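**Student:** Below are the structure tokens for one structure; questions will follow.
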Amino acid sequence: MYKVHNKSSSFAKIYLILIFLLLYTPILFLIFYSFNSGGTMGSFKGFTLDWYRDLFKDMRLFLIVLNTFAIAILSSLVATIVGIFGALAIHSYKQRKTRNTLLSLNNVLMVSPDVIIGASFLILFTIGGIKLGFISVLLSHIAFSIPIVVLLVLPKLTEMNPTLMDAARDLGANNWQILTKVILPYITPGIFAGFFMALTYSLDDFAVTFFVTGNGFSTLSVEIYSLARRGISLNINALSAVLFLFTIALVIVYFLLQQRSNLKTMGVRK
Amino acid sequence: MENTTIIEFHHVKKKYDDDIVLDDVTFEMERGKFYTLLGPSGCGKTTILRLIAGFTEATSGEIFLDGKKVNTIPANKRKVNTVFQDYALFPHLNVFENIAFGLRMKKMKQAQIEVKVKEALQFVNLAGYENREIEQMSGGQRQRVAIARAIVNEPDVILLDEPLSALDLKLRTQMQYELRELQKRLGITFVFVTHDQEEALAMSDEIFVINEGKIQQSGTPIDIYDEPINRFVADFIGESNIVQGKMIQDFLVSFVGQTFNCVDQGMKPNEAVEIVIRPEDLEITPTEKGKLKVEIQSVLFRGVHYEINAIDDAGNNWLIHTTKKVIIGEKIGLSFTAESIHVMRHDETEEEFDKRLGAYMEGESNA
Ligand SMILES: Nc1ncnc2c1ncn2[C@@H]1O[C@H](COP(=O)(O)OP(=O)(O)O)[C@@H](O)[C@H]1O
Ligand SMILES: [Mg+2]
């Protein structure tokens, strides 16, 4: 028994390593060539940081990075606030059936293809007469982030013992105080998780953004796409490398938050 | 002038959809006493507490706190605090902040809060635990924090919903003493809910026995134990022998085919009644001296006494508590005094019951 178990686990290990190699090789390949002085991805001539130097000198690109972050942070903030109230609203329905229906409606938005969402936003903005640009991108990012926040906040609300609210009221708290002094502190881990998740979604969204950016406004992913279409420059590699590192950092933060909230809830459940 | 009545229910009814959970409940509770709501699970005890606290509204009827009608006054505006069954302590706050919660809602000054919280912790023997997290506390300690969180607000009434049911036996007995002691020191009204009759008898000034949404009987522990109004109360409060009988006339009752002297009166001649005799009121005698003759079926050693199950010639079971040692199969006599026969009428309301007992008292003092 023991042996078999060992064998299968070593097989699983090799399998996992292979999968991860397959997934990460292109990225590592890209990053590797960002240090190439040769100027193409064909052959590695020598080590250089020129591409990164170019990158940090490029004012246009710098603006795009700023735009991207402005969109990401603003949209995640708004989506988090709206999402919290959305989750509270769904949670306030006593009937399980209504609750599940609302949750499913929320989840459909999460899983429907970006292309469809992007196209429908484009139609909406065109009909609504909203000029494509910063505002349209911001609005669409907010819209697709809200379901994410709802999905991550709702379990925390469900987990919360409802007598806590009775207890707060019993001790003299009004509705607003119950919200700010009891509910929000309790679901804080879920709120942070939702915010960071929304942030990552917004930062690397391509499809939806592609539909709703007009002329003259661009985010990083859209910019990288158009650079890549125009022809290879190792600038892209350097940019991708920076983005990749940043994403990793976000994932780590998210992971740490998750871990902390797990510890917390285990404590609460005795 | 302060009202002596602190809580009053006037024909209160509570329905959930079509389920009648409380049916025409009327009672008064006085300031500074220890009350217990006693009844089986699902009889509506928690619902009564929730109505007093203001977490739920009565379907009909009136509820008064300190003489004011409070039917539509929300929980946060009532001078009532609750100790919840699952304690409901805030997991994101430490012990100090949990207890300070109510004071912070009242916007009290920090210095004053510190003094009060410290005092409350001392009251529940938890001095020095201010900075502990809730998850670091044991069940018994959480219980005390929950009590401290309630008393620190100096309410008129404290409601306790089965607060001891999650504790082990030893801790439970200790907390019974402490709670009773605490109530006396604070001098405020406690409304305590339990389904444990021993707990109720040990702690209360007054007990309300509830079944199926109705108050069956209220009174001091001794009243209720000695004069149960009906079969439910007799059965629920302690163990009892209940047999069918007939009231021949005042002070004379017949059951198991014999006639006995008793101390009850005020019924119709030959009215069908139920007779209660407590197991500890039955005395074992030699067969020839006994009022009843029974054969012993089983004997259980209970520590302080033997619990004997015996059967009489008519086939009635008798439960006896005694310190005498007996043998299974042995025939013995049972003797009891006229005072230990309790006669219950069928379907007598508490009002009628009190009236009959009142008349009987008057008769006694006139004689
Ligand atoms: N929110 C509710 N909705 C529907 N029925 C309820 C609700 N709360 C309590 N009940 C019903 O009311 C009855 C009395 O409940 P409760 O007061 O909690 O009993 P107890 O505390 O004596 O065990 C039970 O039959 C219970 O099912
Ligand atoms: Mg209950």
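Simple scheme: letters A, B, ... for chains in structure tokens order, numbers from 1 for residues in each chain, numbers from 1 for ligands in the order shown.
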Would you list the contacts of Leu186 of chain B as a ChimeraX atom specification, taking every protein, DNA or RNA residue within 10 Å and counting only C-alpha atoms, but skipping same-chain residues closer than 4 positions in sequence?
**Tutor:** /B:32,123,151,154,181-182,190
**Student:** Taking only C-alpha atoms and all ligand atoms into account, list the residues no farther than 6 Å from ligand 1, as a list in words.
**Tutor:**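 So the residues close to ligand 1 are Tyr16, Val21, Ser41, Gly42, Cys43, Gly44, Lys45, Thr46 and Thr47 of chain B.
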**Student:** Neighbouring residues of Ile142 of chain A were defined as those with any atom within 7 Å, considering only C-alpha atoms; residues of the same chain fewer than 6 positions away were excluded. Please report them as a ChimeraX atom specification.
**Tutor:** /A:75-76,78-79
**Student:** Enumerate residues in contact with ligand 2: an atom-to-atom distance of at most 12 Å, counting only C-alpha atoms and all ligand atoms. Format the result as an MDAnalysis selection string.
**Tutor:** chainID B and resid 37:50 84:86 160:163 165 192:195
**Student:** Counting only C-alpha atoms, which residue out of A:Val182, A:Val208, A:Ile90, A:Leu164 sits closest to Ser140 of chain A?
**Tutor:**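 Closest candidate: A:Val208.
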**Student:** Using only C-alpha atoms, which chain B residues lie at most 7 Å away from chain A, written as a count of residues only?
**Tutor:** 15
**Student:** What lies within 10 Å of Pro155 of chain A using only C-alpha atoms, ignoring chain neighbours under 3 positions off, as a PyMOL selection string?
**Tutor:** chain A and resi 87+91+150-152+158-160+187+190
**Student:** Emit the selected residues as a PDB file, in the first residue's frame, including all heavy atoms.
**Tutor:**
```pdb
ATOM      1  N   ALA A  87     -23.773  42.053  -2.064  1.00  0.00           N
ATOM      2  CA  ALA A  87     -23.731  40.842  -1.248  1.00  0.00           C
ATOM      3  C   ALA A  87     -24.679  40.974  -0.062  1.00  0.00           C
ATOM      4  O   ALA A  87     -25.416  40.045   0.271  1.00  0.00           O
ATOM      5  CB  ALA A  87     -22.308  40.581  -0.771  1.00  0.00           C
ATOM      6  N   HIS A  91     -27.776  38.619   0.654  1.00  0.00           N
ATOM      7  CA  HIS A  91     -27.804  37.925   1.939  1.00  0.00           C
ATOM      8  C   HIS A  91     -29.095  38.215   2.717  1.00  0.00           C
ATOM      9  O   HIS A  91     -29.575  37.387   3.475  1.00  0.00           O
ATOM     10  CB  HIS A  91     -26.596  38.345   2.780  1.00  0.00           C
ATOM     11  CG  HIS A  91     -26.487  37.605   4.068  1.00  0.00           C
ATOM     12  ND1 HIS A  91     -26.189  36.265   4.120  1.00  0.00           N
ATOM     13  CD2 HIS A  91     -26.669  37.991   5.346  1.00  0.00           C
ATOM     14  CE1 HIS A  91     -26.176  35.878   5.361  1.00  0.00           C
ATOM     15  NE2 HIS A  91     -26.464  36.894   6.143  1.00  0.00           N
ATOM     16  N   VAL A 150     -18.820  40.277  -5.106  1.00  0.00           N
ATOM     17  CA  VAL A 150     -19.989  39.630  -4.490  1.00  0.00           C
ATOM     18  C   VAL A 150     -19.658  38.184  -4.152  1.00  0.00           C
ATOM     19  O   VAL A 150     -19.919  37.710  -3.046  1.00  0.00           O
ATOM     20  CB  VAL A 150     -21.202  39.679  -5.449  1.00  0.00           C
ATOM     21  CG1 VAL A 150     -22.333  38.805  -4.932  1.00  0.00           C
ATOM     22  CG2 VAL A 150     -21.678  41.112  -5.609  1.00  0.00           C
ATOM     23  N   LEU A 151     -19.025  37.509  -5.092  1.00  0.00           N
ATOM     24  CA  LEU A 151     -18.736  36.094  -4.913  1.00  0.00           C
ATOM     25  C   LEU A 151     -17.793  35.847  -3.744  1.00  0.00           C
ATOM     26  O   LEU A 151     -17.872  34.829  -3.067  1.00  0.00           O
ATOM     27  CB  LEU A 151     -18.112  35.549  -6.202  1.00  0.00           C
ATOM     28  CG  LEU A 151     -18.241  34.050  -6.377  1.00  0.00           C
ATOM     29  CD1 LEU A 151     -19.685  33.681  -6.602  1.00  0.00           C
ATOM     30  CD2 LEU A 151     -17.384  33.590  -7.546  1.00  0.00           C
ATOM     31  N   LEU A 152     -16.890  36.793  -3.489  1.00  0.00           N
ATOM     32  CA  LEU A 152     -15.926  36.580  -2.416  1.00  0.00           C
ATOM     33  C   LEU A 152     -16.415  37.098  -1.066  1.00  0.00           C
ATOM     34  O   LEU A 152     -15.964  36.644  -0.019  1.00  0.00           O
ATOM     35  CB  LEU A 152     -14.589  37.241  -2.782  1.00  0.00           C
ATOM     36  CG  LEU A 152     -13.845  36.463  -3.861  1.00  0.00           C
ATOM     37  CD1 LEU A 152     -12.701  37.270  -4.428  1.00  0.00           C
ATOM     38  CD2 LEU A 152     -13.345  35.131  -3.328  1.00  0.00           C
ATOM     39  N   THR A 158     -22.472  34.641   4.970  1.00  0.00           N
ATOM     40  CA  THR A 158     -23.217  33.424   5.291  1.00  0.00           C
ATOM     41  C   THR A 158     -22.646  32.772   6.540  1.00  0.00           C
ATOM     42  O   THR A 158     -23.376  32.239   7.369  1.00  0.00           O
ATOM     43  CB  THR A 158     -23.117  32.421   4.131  1.00  0.00           C
ATOM     44  OG1 THR A 158     -23.095  33.144   2.910  1.00  0.00           O
ATOM     45  CG2 THR A 158     -24.267  31.458   4.146  1.00  0.00           C
ATOM     46  N   GLU A 159     -21.330  32.849   6.660  1.00  0.00           N
ATOM     47  CA  GLU A 159     -20.646  32.209   7.771  1.00  0.00           C
ATOM     48  C   GLU A 159     -20.928  32.925   9.092  1.00  0.00           C
ATOM     49  O   GLU A 159     -20.851  32.346  10.171  1.00  0.00           O
ATOM     50  CB  GLU A 159     -19.155  32.245   7.441  1.00  0.00           C
ATOM     51  CG  GLU A 159     -18.225  31.754   8.488  1.00  0.00           C
ATOM     52  CD  GLU A 159     -16.817  32.225   8.155  1.00  0.00           C
ATOM     53  OE1 GLU A 159     -16.271  31.754   7.144  1.00  0.00           O
ATOM     54  OE2 GLU A 159     -16.286  33.068   8.894  1.00  0.00           O
ATOM     55  N   MET A 160     -21.288  34.198   8.997  1.00  0.00           N
ATOM     56  CA  MET A 160     -21.475  35.000  10.212  1.00  0.00           C
ATOM     57  C   MET A 160     -22.718  34.557  10.983  1.00  0.00           C
ATOM     58  O   MET A 160     -23.775  34.348  10.407  1.00  0.00           O
ATOM     59  CB  MET A 160     -21.621  36.456   9.791  1.00  0.00           C
ATOM     60  CG  MET A 160     -21.582  37.406  10.924  1.00  0.00           C
ATOM     61  SD  MET A 160     -21.493  39.073  10.250  1.00  0.00           S
ATOM     62  CE  MET A 160     -22.585  39.845  11.365  1.00  0.00           C
ATOM     63  N   ILE A 187     -16.500  40.804   7.847  1.00  0.00           N
ATOM     64  CA  ILE A 187     -16.278  40.335   6.480  1.00  0.00           C
ATOM     65  C   ILE A 187     -15.051  40.975   5.826  1.00  0.00           C
ATOM     66  O   ILE A 187     -14.818  40.785   4.637  1.00  0.00           O
ATOM     67  CB  ILE A 187     -17.525  40.571   5.592  1.00  0.00           C
ATOM     68  CG1 ILE A 187     -17.839  42.069   5.473  1.00  0.00           C
ATOM     69  CG2 ILE A 187     -18.729  39.816   6.126  1.00  0.00           C
ATOM     70  CD1 ILE A 187     -18.933  42.351   4.471  1.00  0.00           C
ATOM     71  N   GLY A 190     -12.929  38.967   3.397  1.00  0.00           N
ATOM     72  CA  GLY A 190     -13.609  38.772   2.117  1.00  0.00           C
ATOM     73  C   GLY A 190     -13.548  40.025   1.258  1.00  0.00           C
ATOM     74  O   GLY A 190     -13.379  39.956   0.040  1.00  0.00           O
TER      75      GLY A 190
END
```
**Student:** Excluding Phe34 of chain B and any residue of its chain fewer than 4 positions from it, enumerate the residues within 9 Å of it, using only C-alpha atoms, and give them as a list in words.
**Tutor:**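 Within the cut-off, the hits are Arg180, Gln183, Lys184, Ile188, Thr189, Phe190, Val191, Phe192, Met203, Ser204, Asp205, Glu206 and Ile207 of chain B.
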**Student:** Hey, which of B:Ala310, B:Val145, B:Ala234, B:Met247 ends up closest to Ile284 of chain B? Count only C-alpha atoms.
**Tutor:** B:Ala310
**Student:** In Å, with one decimal, what is the gap from atom CA of Phe206 of chain A to atom CA of Pro26 of chain A?
**Tutor:** 18.8 Å
**Student:** Report, in Å with one decimal, the straight-line distance from atom CA of Phe260 of chain B to atom CA of Ile275 of chain B.
**Tutor:** 11.3 Å
**Student:** Find the residues near segment 55-64 of chain A: any atom within 12 Å, counting only C-alpha atoms, skip ones fewer than 5 places away on the same chain, and give them as an NGL selection string.
**Tutor:** :A and (34 or 49-50 or 69-71 or 134 or 203 or 216-224 or 227 or 233-242)
**Student:** Might you pull out every residue within 7 Å of Ala100 of chain B, with only C-alpha atoms counted and same-chain residues fewer than 4 positions away left off, and present them as a PyMOL selection string?
**Tutor:** chain B and resi 96+104+113+117
**Student:** For the residues in the current selection, export C-alpha atoms as a tab-separated table (two decimals), in the first residue's frame.
**Tutor:**
```tsv
chain	number	residue	atom	x	y	z
B	96	PHE	CA	-12.50	44.52	26.75
B	104	ARG	CA	-19.40	52.87	23.15
B	113	ILE	CA	-15.64	52.99	29.99
B	117	VAL	CA	-15.52	47.40	32.14
```
**Student:** Would you please work out which residue, of B:Gln265, B:Thr220, B:Thr72, B:Ser138, is nearest to Thr36 of chain B when using only C-alpha atoms?
**Tutor:**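 Using only C-alpha atoms, Thr36 of chain B sits closest to B:Thr220.
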**Student:** As an exercise, work out the distance from atom CA of Met137 of chain B to atom CA of Tyr87 of chain B in Å and give it to one decimal place.
**Tutor:**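 Result for atom CA of Met137 of chain B versus atom CA of Tyr87 of chain B: 12.2 Å, one decimal.
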**Student:** DSSP on the backbone: what in segment 37-268 of chain A comes out alpha helix (DSSP H), as a ChimeraX atom specification?
**Tutor:** /A:50-57,59-92,96-111,114-128,134-159,163-170,175-178,184-203,207-212,220-230,234-268
**Student:** Find, counting only C-alpha atoms, the residue in B:Lys324, B:Arg149, B:Lys289, B:Lys355 that gets nearest to Val304 of chain B.
**Tutor:**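 The shortest atom-to-atom distance to Val304 of chain B comes from B:Lys324.
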**Student:** May I have all residues of segment 49-228 of chain B that DSSP, computed from the backbone, assigns to strand (DSSP E), given as JSON, numbers by chain?
**Tutor:** {"B": [60, 61, 62, 63, 64, 65, 68, 69, 80, 81, 82, 83, 157, 158, 159, 160, 161, 189, 190, 191, 192, 193, 194, 206, 207, 208, 209, 210, 211, 214, 215, 216, 217, 218, 219]}
**Student:** So which one's closest to Leu199 of chain A, A:Val149, A:Leu18, A:Leu124, A:Ala12? Using only C-alpha atoms, please.
**Tutor:**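 For Leu199 of chain A, the nearest of the given residues is A:Val149.
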